[in-house]
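> Please see the structure below; I have some questions.
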Amino acid sequence: MAPTPFFEEHENPPPSGRVDRFIRRFHGVSYALAVLAIYVLGAVALGLALVPSLAIVARLAPPLWGSGTQWRWPALAALLAGAVFLWGFALLVVVPALNFVLPTRLRPFRGGYFTVAAVPWYLHNGLFYLVRYTFLPFVSLTPMGTWFLRGMGMRIGRRVRITTEFFTDVSMMTVGDDSVIGGSATLFCHYGGGGHLVIAPVVIGRRVTIGERATIMGDVVIGDDARILAHAALLPGTRVGAGEVWGGAPARRIPEDEWARYKLETRGGTQ
């Protein structure tokens, strides 16, 4: 694949206002302000989620400490461990709430990194990563994980089973009824390089199976009843037809006779 040429300003859509013009002109300052904003936002989110845990510890820890019994140490340890989990569950509520009230609505976009259109993308993913890299692995196999993803804007059908937390741009994703996303699969709705940024949705149909460690990039549509094999990599623009099997990196459609022959070989020549 040829290297992506560096982005040129004429490839951008027209600026939408003063803020957009400032971001495009002062890249360094804009980037520094964005980093500062995301750290402040992260501190606010993590702090708000800590409030219930701190309140309970402040109420229960002093009596336990002052009891003087031999059980105070395990009791305090259990209290602190419970406070950590309570903080995680609170984070599952605080982050979607902030995502709802802040300007984080993602829309399809094609242009440069340094535009006002990239701000919602930056904020949305910054908030999501607070949970992805902390507590989401503890609930990815539970209904709470699905509720959190829905709260962040992912459109999820009925009876969907998700066993990975490696998402980005979740509000641009749609997953149909009865689909399965395997462990450590990676799904994101953007791509680019050299200053280019493309944000495009990922649409997964009904009864789709995505194998472990598969990679689904932006601007991918997967039809009903399709199967994406483990470690497959679906590049931008891929369109998987209904009932098709895709595998490899980059992924390609595997014809029915080849797929049948492979299954026969792996089962020792028996049906």
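Here's how to read the names in the structure tokens: chain A, B, ... by the order shown, residue numbers from 1 in each chain, ligand numbers from 1 in the order shown.
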Excluding Ala242 in chain A and any residue of its chain fewer than 5 positions from it, enumerate the residues within 9 Å of it, using only C-alpha atoms, and give them as JSON, numbers by chain.
{"A": [205, 222, 223, 224, 225, 226]}
> Extract the full set of helix (DSSP H, G or I) residues from range 9-257 of chain A according to DSSP on the backbone, and format it as a PyMOL selection string.
chain A and resi 9-11+18-25+27-66+72-101+118-132+136-139+143-151+170-172+256-257
> Quick one: residues within 12 Å of range 143-147 of chain A, only C-alpha atoms counted, chain neighbours fewer than 4 positions away excluded, as an MDAnalysis selection string?
chainID A and resid 88:93 96 131:132 135:139 151:165 170 175 181
> Could you write those residues out with C-alpha atoms, as a PDB file, in the first residue's frame?

```pdb
ATOM      1  CA  GLY A  88     -16.451   1.538  38.656  1.00  0.00           C
ATOM      2  CA  PHE A  89     -20.225   1.143  38.564  1.00  0.00           C
ATOM      3  CA  ALA A  90     -20.639   4.868  39.196  1.00  0.00           C
ATOM      4  CA  LEU A  91     -18.266   5.563  36.305  1.00  0.00           C
ATOM      5  CA  LEU A  92     -20.587   3.573  34.025  1.00  0.00           C
ATOM      6  CA  VAL A  93     -23.269   6.169  34.801  1.00  0.00           C
ATOM      7  CA  PRO A  96     -22.578   8.422  29.524  1.00  0.00           C
ATOM      8  CA  VAL A 131     -14.080   3.314  31.125  1.00  0.00           C
ATOM      9  CA  ARG A 132     -12.479   1.148  28.448  1.00  0.00           C
ATOM     10  CA  PHE A 135     -13.693  -0.842  34.487  1.00  0.00           C
ATOM     11  CA  LEU A 136     -15.209  -1.994  31.186  1.00  0.00           C
ATOM     12  CA  PRO A 137     -13.250  -5.302  31.146  1.00  0.00           C
ATOM     13  CA  PHE A 138     -15.025  -6.240  34.404  1.00  0.00           C
ATOM     14  CA  VAL A 139     -18.506  -5.885  32.871  1.00  0.00           C
ATOM     15  CA  GLY A 151     -25.604   4.796  26.911  1.00  0.00           C
ATOM     16  CA  MET A 152     -22.605   5.941  24.859  1.00  0.00           C
ATOM     17  CA  GLY A 153     -24.696   5.825  21.690  1.00  0.00           C
ATOM     18  CA  MET A 154     -24.069   2.391  20.180  1.00  0.00           C
ATOM     19  CA  ARG A 155     -27.208   1.000  18.528  1.00  0.00           C
ATOM     20  CA  ILE A 156     -27.454  -2.607  19.715  1.00  0.00           C
ATOM     21  CA  GLY A 157     -30.193  -5.053  18.798  1.00  0.00           C
ATOM     22  CA  ARG A 158     -31.733  -7.786  20.919  1.00  0.00           C
ATOM     23  CA  ARG A 159     -29.820 -10.787  22.269  1.00  0.00           C
ATOM     24  CA  VAL A 160     -26.455  -9.425  21.130  1.00  0.00           C
ATOM     25  CA  ARG A 161     -23.412 -10.945  22.836  1.00  0.00           C
ATOM     26  CA  ILE A 162     -20.340  -8.715  23.121  1.00  0.00           C
ATOM     27  CA  THR A 163     -17.165 -10.147  24.655  1.00  0.00           C
ATOM     28  CA  THR A 164     -14.668  -7.379  23.891  1.00  0.00           C
ATOM     29  CA  GLU A 165     -14.037  -3.880  25.181  1.00  0.00           C
ATOM     30  CA  VAL A 170     -19.045   3.596  19.598  1.00  0.00           C
ATOM     31  CA  VAL A 175     -25.132  -4.118  15.699  1.00  0.00           C
ATOM     32  CA  ILE A 181     -18.650 -10.043  18.704  1.00  0.00           C
TER      33      ILE A 181
END
```
> What lies within 12 Å of Ala75 in chain A using only C-alpha atoms, ignoring chain neighbours under 3 positions off, as an MDAnalysis selection string?
chainID A and resid 57 60:72 78:82
> Please write the residues from the selection above to a file, keeping all heavy atoms, as a short mmCIF file (atom, residue, chain, number, x, y, z; two decimals), in the first residue's frame.

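After the write, out_24.cif holds the following:
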```
data_model
loop_
_atom_site.label_atom_id
_atom_site.label_comp_id
_atom_site.auth_asym_id
_atom_site.auth_seq_id
_atom_site.Cartn_x
_atom_site.Cartn_y
_atom_site.Cartn_z
N VAL A 57 -16.89 5.09 52.56
CA VAL A 57 -15.66 4.83 53.32
C VAL A 57 -15.55 5.79 54.51
O VAL A 57 -15.18 5.39 55.62
CB VAL A 57 -14.42 4.96 52.40
CG1 VAL A 57 -13.14 4.94 53.22
CG2 VAL A 57 -14.42 3.82 51.39
N LEU A 60 -18.00 4.43 57.21
CA LEU A 60 -17.81 3.11 57.81
C LEU A 60 -16.39 2.85 58.29
O LEU A 60 -16.19 2.03 59.20
CB LEU A 60 -18.21 2.03 56.80
CG LEU A 60 -19.67 2.04 56.34
CD1 LEU A 60 -19.92 0.90 55.36
CD2 LEU A 60 -20.63 1.95 57.53
N ALA A 61 -15.40 3.51 57.68
CA ALA A 61 -14.01 3.19 58.05
C ALA A 61 -13.66 3.57 59.49
O ALA A 61 -13.01 2.78 60.19
CB ALA A 61 -13.05 3.86 57.06
N PRO A 62 -14.02 4.77 59.99
CA PRO A 62 -13.64 5.10 61.37
C PRO A 62 -14.15 4.12 62.42
O PRO A 62 -13.37 3.71 63.30
CB PRO A 62 -14.23 6.51 61.56
CG PRO A 62 -14.26 7.08 60.18
CD PRO A 62 -14.62 5.93 59.30
N PRO A 63 -15.43 3.69 62.39
CA PRO A 63 -15.86 2.70 63.39
C PRO A 63 -15.10 1.37 63.28
O PRO A 63 -14.77 0.76 64.31
CB PRO A 63 -17.35 2.50 63.09
CG PRO A 63 -17.76 3.73 62.36
CD PRO A 63 -16.57 4.15 61.58
N LEU A 64 -14.80 0.94 62.06
CA LEU A 64 -14.05 -0.30 61.90
C LEU A 64 -12.64 -0.16 62.46
O LEU A 64 -12.12 -1.05 63.14
CB LEU A 64 -13.99 -0.70 60.42
CG LEU A 64 -15.28 -1.24 59.80
CD1 LEU A 64 -15.11 -1.42 58.30
CD2 LEU A 64 -15.67 -2.57 60.45
N TRP A 65 -12.01 0.98 62.16
CA TRP A 65 -10.65 1.21 62.64
C TRP A 65 -10.61 1.28 64.17
O TRP A 65 -9.68 0.79 64.81
CB TRP A 65 -10.10 2.48 62.03
CG TRP A 65 -8.71 2.81 62.49
CD1 TRP A 65 -8.36 3.73 63.44
CD2 TRP A 65 -7.51 2.22 62.03
NE1 TRP A 65 -7.01 3.76 63.61
CE2 TRP A 65 -6.46 2.83 62.74
CE3 TRP A 65 -7.21 1.24 61.09
CZ2 TRP A 65 -5.13 2.49 62.56
CZ3 TRP A 65 -5.89 0.91 60.89
CH2 TRP A 65 -4.86 1.52 61.61
N GLY A 66 -11.62 1.88 64.74
CA GLY A 66 -11.64 2.05 66.18
C GLY A 66 -12.14 0.86 66.95
O GLY A 66 -12.13 0.87 68.20
N SER A 67 -12.59 -0.18 66.25
CA SER A 67 -13.13 -1.35 66.96
C SER A 67 -12.06 -2.10 67.74
O SER A 67 -12.34 -2.71 68.77
CB SER A 67 -13.81 -2.29 65.97
OG SER A 67 -12.85 -2.83 65.07
N GLY A 68 -10.82 -2.05 67.27
CA GLY A 68 -9.73 -2.72 67.96
C GLY A 68 -9.74 -4.22 67.88
O GLY A 68 -8.91 -4.89 68.50
N THR A 69 -10.64 -4.80 67.07
CA THR A 69 -10.71 -6.26 66.96
C THR A 69 -9.73 -6.74 65.90
O THR A 69 -9.23 -5.97 65.07
CB THR A 69 -12.13 -6.71 66.59
OG1 THR A 69 -12.42 -6.25 65.26
CG2 THR A 69 -13.14 -6.12 67.57
N GLN A 70 -9.47 -8.05 65.92
CA GLN A 70 -8.54 -8.62 64.95
C GLN A 70 -9.14 -8.66 63.54
O GLN A 70 -8.43 -8.89 62.58
CB GLN A 70 -8.17 -10.03 65.38
CG GLN A 70 -9.36 -10.99 65.50
CD GLN A 70 -8.95 -12.38 65.92
OE1 GLN A 70 -7.79 -12.75 65.78
NE2 GLN A 70 -9.90 -13.14 66.46
N TRP A 71 -10.44 -8.44 63.49
CA TRP A 71 -11.12 -8.51 62.19
C TRP A 71 -11.15 -7.15 61.48
O TRP A 71 -11.68 -7.05 60.38
CB TRP A 71 -12.56 -9.02 62.36
CG TRP A 71 -12.62 -10.39 62.92
CD1 TRP A 71 -12.98 -10.75 64.18
CD2 TRP A 71 -12.28 -11.59 62.24
NE1 TRP A 71 -12.90 -12.11 64.35
CE2 TRP A 71 -12.46 -12.65 63.15
CE3 TRP A 71 -11.83 -11.88 60.95
CZ2 TRP A 71 -12.22 -13.98 62.82
CZ3 TRP A 71 -11.59 -13.21 60.61
CH2 TRP A 71 -11.79 -14.24 61.54
N ARG A 72 -10.59 -6.12 62.11
CA ARG A 72 -10.70 -4.81 61.48
C ARG A 72 -9.93 -4.72 60.17
O ARG A 72 -10.36 -4.02 59.23
CB ARG A 72 -10.25 -3.72 62.44
CG ARG A 72 -8.78 -3.78 62.84
CD ARG A 72 -8.42 -2.61 63.73
NE ARG A 72 -7.02 -2.68 64.15
CZ ARG A 72 -6.43 -1.72 64.86
NH1 ARG A 72 -7.12 -0.65 65.21
NH2 ARG A 72 -5.17 -1.85 65.21
N ALA A 78 -11.95 -5.32 52.79
CA ALA A 78 -13.17 -5.61 52.03
C ALA A 78 -13.93 -4.33 51.72
O ALA A 78 -14.50 -4.17 50.63
CB ALA A 78 -14.05 -6.58 52.82
N LEU A 79 -13.95 -3.39 52.67
CA LEU A 79 -14.63 -2.11 52.45
C LEU A 79 -13.98 -1.35 51.31
O LEU A 79 -14.66 -0.82 50.42
CB LEU A 79 -14.59 -1.28 53.74
CG LEU A 79 -15.15 0.15 53.63
CD1 LEU A 79 -16.63 0.12 53.28
CD2 LEU A 79 -14.92 0.90 54.94
N LEU A 80 -12.65 -1.28 51.31
CA LEU A 80 -11.95 -0.56 50.25
C LEU A 80 -12.12 -1.24 48.89
O LEU A 80 -12.28 -0.57 47.86
CB LEU A 80 -10.46 -0.43 50.60
CG LEU A 80 -10.14 0.46 51.80
CD1 LEU A 80 -8.65 0.42 52.11
CD2 LEU A 80 -10.59 1.90 51.53
N ALA A 81 -12.09 -2.58 48.89
CA ALA A 81 -12.29 -3.30 47.62
C ALA A 81 -13.70 -3.05 47.08
O ALA A 81 -13.89 -2.82 45.88
CB ALA A 81 -12.05 -4.79 47.84
N GLY A 82 -14.68 -3.07 47.98
CA GLY A 82 -16.05 -2.77 47.56
C GLY A 82 -16.18 -1.35 47.05
O GLY A 82 -16.92 -1.09 46.09
#
```
> Near range 228-237 of chain A, counting only C-alpha atoms, which residues have an atom at most 10 Å away, once you skip same-chain residues fewer than 3 positions from it, shown as a PyMOL selection string?
chain A and resi 181-187+189-192+198+200+202+208-222+240+244-253
> Apply DSSP to the structure's backbone, then extract all residues of range 160-194 of chain A labelled strand (DSSP E or B) and return them as a ChimeraX atom specification.
/A:161-162,166-167,173-175,180-181,186-187,190-193
> Rank nothing, just name the residue among A:Val40, A:Met172, A:Leu46, A:Leu76 nearest to Phe109 in chain A, using only C-alpha atoms.
A:Met172
> Write out as a count of residues only the residues lying within 9 Å of Arg105 in chain A, counting only C-alpha atoms and excluding same-chain residues fewer than 6 positions away.
6
> Can you pull out every residue within 10 Å of Ala117 in chain A, counting only C-alpha atoms, but drop anything in the same chain fewer than 2 positions away, and send it as a list of chain:residue names?
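So the residues in contact are A:Pro13, A:Pro15, A:Ser16, A:Asp20, A:Arg105, A:Leu106, A:Arg107, A:Pro108, A:Phe109, A:Arg110, A:Gly111, A:Gly112, A:Tyr113, A:Phe114, A:Thr115, A:Val119, A:Pro120, A:Trp121, A:Tyr122, A:Leu197, A:Ile199.
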